[in-house]
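Reproduced below: final_1.txt, with compact mmCIF, C-alpha atoms.
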```
# COMPACT_ATOMS: atom_id res chain seq x y z
CA MET A 1492 95.76 104.44 99.52
CA THR A 1493 97.75 107.61 99.22
CA LEU A 1494 98.34 110.18 101.93
CA ASP A 1495 98.80 113.89 101.37
CA LEU A 1496 102.10 114.62 103.09
CA GLN A 1497 104.01 117.86 103.33
CA VAL A 1498 107.15 117.82 101.17
CA CYS A 1499 109.86 120.45 101.17
CA ALA A 1500 110.42 122.03 97.74
CA CYS A 1501 114.05 122.80 98.66
CA CYS A 1502 115.40 119.52 100.06
CA GLY A 1503 112.62 117.00 99.25
CA THR A 1504 112.02 115.89 102.85
CA ALA A 1505 108.53 114.52 103.56
CA GLN A 1506 107.11 115.25 107.00
CA TYR A 1507 104.16 114.42 109.19
CA PRO A 1508 102.43 116.02 111.00
CA PRO A 1509 102.35 119.25 108.96
CA ARG A 1510 104.57 122.06 110.23
CA SER A 1511 105.22 125.66 109.24
CA VAL A 1512 108.85 124.92 108.23
CA CYS A 1513 110.81 121.91 106.95
CA ARG A 1514 112.17 119.76 109.77
CA THR A 1515 115.45 119.27 107.87
CA CYS A 1516 116.39 122.60 106.27
CA LEU A 1517 113.87 125.00 107.91
CA SER A 1518 112.58 126.18 104.53
CA GLU A 1519 109.02 127.52 104.37
CA ALA A 1520 108.63 126.20 100.80
CA LEU A 1521 106.32 123.31 101.66
CA GLU A 1522 103.76 121.65 99.40
CA ALA A 1523 101.24 118.84 99.78
CA ARG A 1524 102.06 115.76 97.73
CA ALA A 1525 100.18 112.45 97.43
CA MET A 1526 102.48 109.63 98.56
CA GLU A 1527 101.89 105.88 98.75
CA ALA A 1528 100.94 104.68 102.22
CA ILE A 1529 103.14 101.58 102.34
CA GLY A 1530 105.71 100.87 105.02
CA THR A 1531 107.03 98.60 107.75
CA LEU A 1532 105.63 98.08 111.24
CA VAL A 1533 108.49 99.07 113.57
CA ALA A 1534 106.78 99.04 116.98
CA ALA A 1535 103.47 97.97 118.52
CA ALA A 1536 101.71 98.14 121.87
CA THR A 1537 98.33 97.24 123.31
CA VAL A 1538 96.41 99.92 125.20
CA HIS A 1539 94.19 98.46 127.94
CA ARG A 1540 92.95 101.67 129.59
CA SER A 1541 92.07 105.10 128.29
CA LEU A 1542 92.37 108.41 130.12
CA ASP A 1543 89.27 109.46 128.18
CA PRO A 1544 86.69 106.72 128.85
CA GLY A 1545 84.29 108.09 126.25
CA ALA A 1546 86.80 108.12 123.40
CA PHE A 1547 87.95 104.50 123.07
CA ALA A 1548 86.19 102.59 125.87
CA LYS A 1549 84.29 100.36 123.43
CA SER A 1550 87.46 99.59 121.47
CA LEU A 1551 89.72 98.51 124.36
CA PRO A 1552 92.06 96.74 124.30
CA LEU A 1553 93.35 98.78 121.36
CA ARG A 1554 96.48 97.85 119.43
CA ILE A 1555 98.53 100.75 118.09
CA GLY A 1556 101.86 100.82 116.34
CA THR A 1557 104.44 102.92 114.55
CA VAL A 1558 104.77 102.46 110.80
CA ALA A 1559 107.85 103.70 108.92
CA LEU A 1560 106.59 104.71 105.49
CA GLU A 1561 108.75 104.46 102.36
CA SER A 1562 108.78 108.28 102.32
CA SER A 1563 110.77 108.23 105.63
CA VAL A 1564 107.76 109.45 107.61
CA ARG A 1565 106.68 107.57 110.74
CA MET A 1566 103.01 107.44 111.74
CA ILE A 1567 101.17 106.02 114.72
CA VAL A 1568 98.22 103.96 113.51
CA LEU A 1569 95.78 101.24 114.57
CA VAL A 1570 97.35 97.80 114.09
CA PRO A 1571 95.73 94.36 113.63
CA ARG A 1572 96.19 92.03 116.63
CA ASP A 1573 98.10 89.49 114.53
CA ALA A 1574 100.56 91.98 112.99
CA ILE A 1575 104.22 91.31 113.74
CA ILE A 1576 106.99 93.90 113.97
CA GLY A 1577 108.90 93.94 110.69
CA GLN A 1578 105.90 93.13 108.51
CA ARG A 1579 105.10 95.23 105.45
CA VAL A 1580 101.79 97.08 105.77
CA SER A 1581 99.53 99.35 103.79
CA LEU A 1582 97.59 102.14 105.48
CA ARG A 1583 93.93 102.99 104.98
CA ALA A 1584 91.24 105.05 106.65
CA ALA A 1585 89.67 103.14 109.55
CA SER A 1586 85.92 102.68 109.67
CA GLY A 1587 84.37 105.93 110.80
CA GLY A 1588 87.20 107.86 109.15
CA HIS A 1589 88.70 109.21 112.39
CA ALA A 1590 91.87 107.13 112.38
CA ILE A 1591 94.29 105.34 110.08
CA GLU A 1592 94.78 101.59 110.31
CA ALA A 1593 97.46 99.26 109.02
CA VAL A 1594 96.66 96.25 106.85
CA VAL A 1595 99.29 93.50 106.63
CA LEU A 1596 100.36 92.84 103.04
CA ALA A 1597 100.04 89.14 102.17
CA ASP A 1598 102.96 89.41 99.74
CA PRO A 1599 105.54 91.88 101.12
CA SER A 1600 106.73 92.75 97.59
CA ALA A 1601 103.19 93.38 96.30
CA ARG A 1602 101.52 96.75 96.03
CA PRO A 1603 97.94 96.90 97.34
CA ARG A 1604 95.12 97.83 94.99
CA SER A 1605 94.09 101.44 95.22
CA GLN A 1606 91.06 102.00 97.44
CA ASP A 1607 90.79 105.74 96.77
```
Taking this structure as input, can you express it in the form of structure tokens?
Amino acid sequence: MTLDLQVCACCGTAQYPPRSVCRTCLSEALEARAMEAIGTLVAAATVHRSLDPGAFAKSLPLRIGTVALESSVRMIVLVPRDAIIGQRVSLRAASGGHAIEAVVLADPSARPRSQD
């Protein structure tokens, strides 16, 4: 999977979420660029209660985590229960299309097949 991330035309910094200026050099010269959604799981937590009972009540407990992508962007995504911090993951759209989930790569050096 690829993600459309904002990239600064001046300094090359990728950023997420989108902003009106570059987080590094404050340039307004930003463009969308497709980047591979591969990274490392750097943190994970399990959510047992939701402040919005209607939003995730059926999904609790919900495991979320932070993934550091190769493009230096960090994203909070849904994480499999068996994922371990430090594992290489690929991101994809979760069922329903309202979230992004991590998939553990069986071979950390392998690239996943495109699902676009």
Given only C-alpha atoms as the counted atoms, nearest of A:Ile1529, A:Val1580, A:Met1566, A:Ala1523 to Leu1596 (chain A): A:Val1580
Straight-line distance linking CA of Ala1535 (chain A) with CA of Ala1559 (chain A), stated in Å to one decimal: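 Between CA of Ala1535 (chain A) and CA of Ala1559 (chain A) the gap works out to 12.0 Å.
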Among the residues A:Thr1531, A:Ser1562, A:Thr1537, A:Ser1550, the one that comes closest to Leu1496 (chain A) [using all atoms listed in the file]: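 Nearest candidate to Leu1496 (chain A) out of A:Thr1531, A:Ser1562, A:Thr1537, A:Ser1550: A:Ser1562.
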d(CA of Val1558 (chain A), CA of Gly1587 (chain A)) in Å: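 Here the two named atoms are 20.7 Å from each other.
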Counting all atoms listed in the file, the option among A:Pro1508, A:Pro1544, A:Pro1552, A:Gly1503 closest to Ile1567 (chain A):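 So, comparing all the options, the nearest one is A:Pro1508.
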What would region 1543-1573 of chain A look like with N, CA and C atoms in place, written as a PDB file, in the coordinates of the input?
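Here's the written file out-v1.pdb:
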```pdb
ATOM      1  N   ASP A1543      90.547 108.887 128.604  1.00  0.00           N
ATOM      2  CA  ASP A1543      89.270 109.460 128.180  1.00  0.00           C
ATOM      3  C   ASP A1543      88.307 108.309 127.940  1.00  0.00           C
ATOM      4  N   PRO A1544      87.549 107.901 128.957  1.00  0.00           N
ATOM      5  CA  PRO A1544      86.690 106.720 128.850  1.00  0.00           C
ATOM      6  C   PRO A1544      85.696 106.783 127.691  1.00  0.00           C
ATOM      7  N   GLY A1545      85.254 107.978 127.328  1.00  0.00           N
ATOM      8  CA  GLY A1545      84.290 108.090 126.250  1.00  0.00           C
ATOM      9  C   GLY A1545      84.883 107.888 124.870  1.00  0.00           C
ATOM     10  N   ALA A1546      86.186 108.143 124.718  1.00  0.00           N
ATOM     11  CA  ALA A1546      86.800 108.120 123.400  1.00  0.00           C
ATOM     12  C   ALA A1546      86.998 106.703 122.836  1.00  0.00           C
ATOM     13  N   PHE A1547      87.603 105.820 123.592  1.00  0.00           N
ATOM     14  CA  PHE A1547      87.950 104.500 123.070  1.00  0.00           C
ATOM     15  C   PHE A1547      87.458 103.357 123.942  1.00  0.00           C
ATOM     16  N   ALA A1548      86.607 103.620 124.916  1.00  0.00           N
ATOM     17  CA  ALA A1548      86.190 102.590 125.870  1.00  0.00           C
ATOM     18  C   ALA A1548      85.643 101.350 125.190  1.00  0.00           C
ATOM     19  N   LYS A1549      84.879 101.522 124.124  1.00  0.00           N
ATOM     20  CA  LYS A1549      84.290 100.360 123.430  1.00  0.00           C
ATOM     21  C   LYS A1549      85.307  99.597 122.602  1.00  0.00           C
ATOM     22  N   SER A1550      86.454 100.208 122.325  1.00  0.00           N
ATOM     23  CA  SER A1550      87.460  99.590 121.470  1.00  0.00           C
ATOM     24  C   SER A1550      88.585  98.896 122.241  1.00  0.00           C
ATOM     25  N   LEU A1551      88.627  99.074 123.562  1.00  0.00           N
ATOM     26  CA  LEU A1551      89.720  98.510 124.360  1.00  0.00           C
ATOM     27  C   LEU A1551      89.603  97.001 124.472  1.00  0.00           C
ATOM     28  N   PRO A1552      90.700  96.256 124.499  1.00  0.00           N
ATOM     29  CA  PRO A1552      92.060  96.740 124.300  1.00  0.00           C
ATOM     30  C   PRO A1552      92.278  97.163 122.839  1.00  0.00           C
ATOM     31  N   LEU A1553      93.099  98.183 122.662  1.00  0.00           N
ATOM     32  CA  LEU A1553      93.350  98.780 121.360  1.00  0.00           C
ATOM     33  C   LEU A1553      94.813  98.594 121.008  1.00  0.00           C
ATOM     34  N   ARG A1554      95.090  98.067 119.841  1.00  0.00           N
ATOM     35  CA  ARG A1554      96.480  97.850 119.430  1.00  0.00           C
ATOM     36  C   ARG A1554      96.908  98.993 118.521  1.00  0.00           C
ATOM     37  N   ILE A1555      97.978  99.669 118.898  1.00  0.00           N
ATOM     38  CA  ILE A1555      98.530 100.750 118.090  1.00  0.00           C
ATOM     39  C   ILE A1555      99.970 100.430 117.753  1.00  0.00           C
ATOM     40  N   GLY A1556     100.483 101.070 116.725  1.00  0.00           N
ATOM     41  CA  GLY A1556     101.860 100.820 116.340  1.00  0.00           C
ATOM     42  C   GLY A1556     102.434 101.967 115.530  1.00  0.00           C
ATOM     43  N   THR A1557     103.742 101.929 115.362  1.00  0.00           N
ATOM     44  CA  THR A1557     104.440 102.920 114.550  1.00  0.00           C
ATOM     45  C   THR A1557     104.811 102.265 113.228  1.00  0.00           C
ATOM     46  N   VAL A1558     104.450 102.940 112.140  1.00  0.00           N
ATOM     47  CA  VAL A1558     104.770 102.460 110.800  1.00  0.00           C
ATOM     48  C   VAL A1558     105.749 103.433 110.162  1.00  0.00           C
ATOM     49  N   ALA A1559     106.876 102.905 109.666  1.00  0.00           N
ATOM     50  CA  ALA A1559     107.850 103.700 108.920  1.00  0.00           C
ATOM     51  C   ALA A1559     107.479 103.604 107.455  1.00  0.00           C
ATOM     52  N   LEU A1560     106.984 104.696 106.896  1.00  0.00           N
ATOM     53  CA  LEU A1560     106.590 104.710 105.490  1.00  0.00           C
ATOM     54  C   LEU A1560     107.819 104.776 104.586  1.00  0.00           C
ATOM     55  N   GLU A1561     107.645 104.413 103.314  1.00  0.00           N
ATOM     56  CA  GLU A1561     108.750 104.460 102.360  1.00  0.00           C
ATOM     57  C   GLU A1561     109.242 105.892 102.148  1.00  0.00           C
ATOM     58  N   SER A1562     108.410 106.870 102.475  1.00  0.00           N
ATOM     59  CA  SER A1562     108.780 108.280 102.320  1.00  0.00           C
ATOM     60  C   SER A1562     109.591 108.798 103.513  1.00  0.00           C
ATOM     61  N   SER A1563     109.993 107.915 104.428  1.00  0.00           N
ATOM     62  CA  SER A1563     110.770 108.230 105.630  1.00  0.00           C
ATOM     63  C   SER A1563     109.951 108.886 106.732  1.00  0.00           C
ATOM     64  N   VAL A1564     108.645 108.926 106.585  1.00  0.00           N
ATOM     65  CA  VAL A1564     107.760 109.450 107.610  1.00  0.00           C
ATOM     66  C   VAL A1564     107.327 108.303 108.507  1.00  0.00           C
ATOM     67  N   ARG A1565     107.200 108.573 109.797  1.00  0.00           N
ATOM     68  CA  ARG A1565     106.680 107.570 110.740  1.00  0.00           C
ATOM     69  C   ARG A1565     105.327 108.043 111.242  1.00  0.00           C
ATOM     70  N   MET A1566     104.360 107.109 111.288  1.00  0.00           N
ATOM     71  CA  MET A1566     103.010 107.440 111.740  1.00  0.00           C
ATOM     72  C   MET A1566     102.554 106.434 112.776  1.00  0.00           C
ATOM     73  N   ILE A1567     101.784 106.904 113.747  1.00  0.00           N
ATOM     74  CA  ILE A1567     101.170 106.020 114.720  1.00  0.00           C
ATOM     75  C   ILE A1567      99.767 105.701 114.225  1.00  0.00           C
ATOM     76  N   VAL A1568      99.473 104.408 114.112  1.00  0.00           N
ATOM     77  CA  VAL A1568      98.220 103.960 113.510  1.00  0.00           C
ATOM     78  C   VAL A1568      97.628 102.803 114.313  1.00  0.00           C
ATOM     79  N   LEU A1569      96.388 102.450 113.998  1.00  0.00           N
ATOM     80  CA  LEU A1569      95.780 101.240 114.570  1.00  0.00           C
ATOM     81  C   LEU A1569      96.392 100.033 113.865  1.00  0.00           C
ATOM     82  N   VAL A1570      96.649  98.972 114.626  1.00  0.00           N
ATOM     83  CA  VAL A1570      97.350  97.800 114.090  1.00  0.00           C
ATOM     84  C   VAL A1570      96.526  96.543 114.360  1.00  0.00           C
ATOM     85  N   PRO A1571      96.444  95.620 113.390  1.00  0.00           N
ATOM     86  CA  PRO A1571      95.730  94.360 113.630  1.00  0.00           C
ATOM     87  C   PRO A1571      96.424  93.563 114.754  1.00  0.00           C
ATOM     88  N   ARG A1572      95.641  92.805 115.498  1.00  0.00           N
ATOM     89  CA  ARG A1572      96.190  92.030 116.630  1.00  0.00           C
ATOM     90  C   ARG A1572      97.252  91.028 116.206  1.00  0.00           C
ATOM     91  N   ASP A1573      97.155  90.517 114.977  1.00  0.00           N
ATOM     92  CA  ASP A1573      98.100  89.490 114.530  1.00  0.00           C
ATOM     93  C   ASP A1573      99.313  90.054 113.793  1.00  0.00           C
TER      94      ASP A1573
END
```
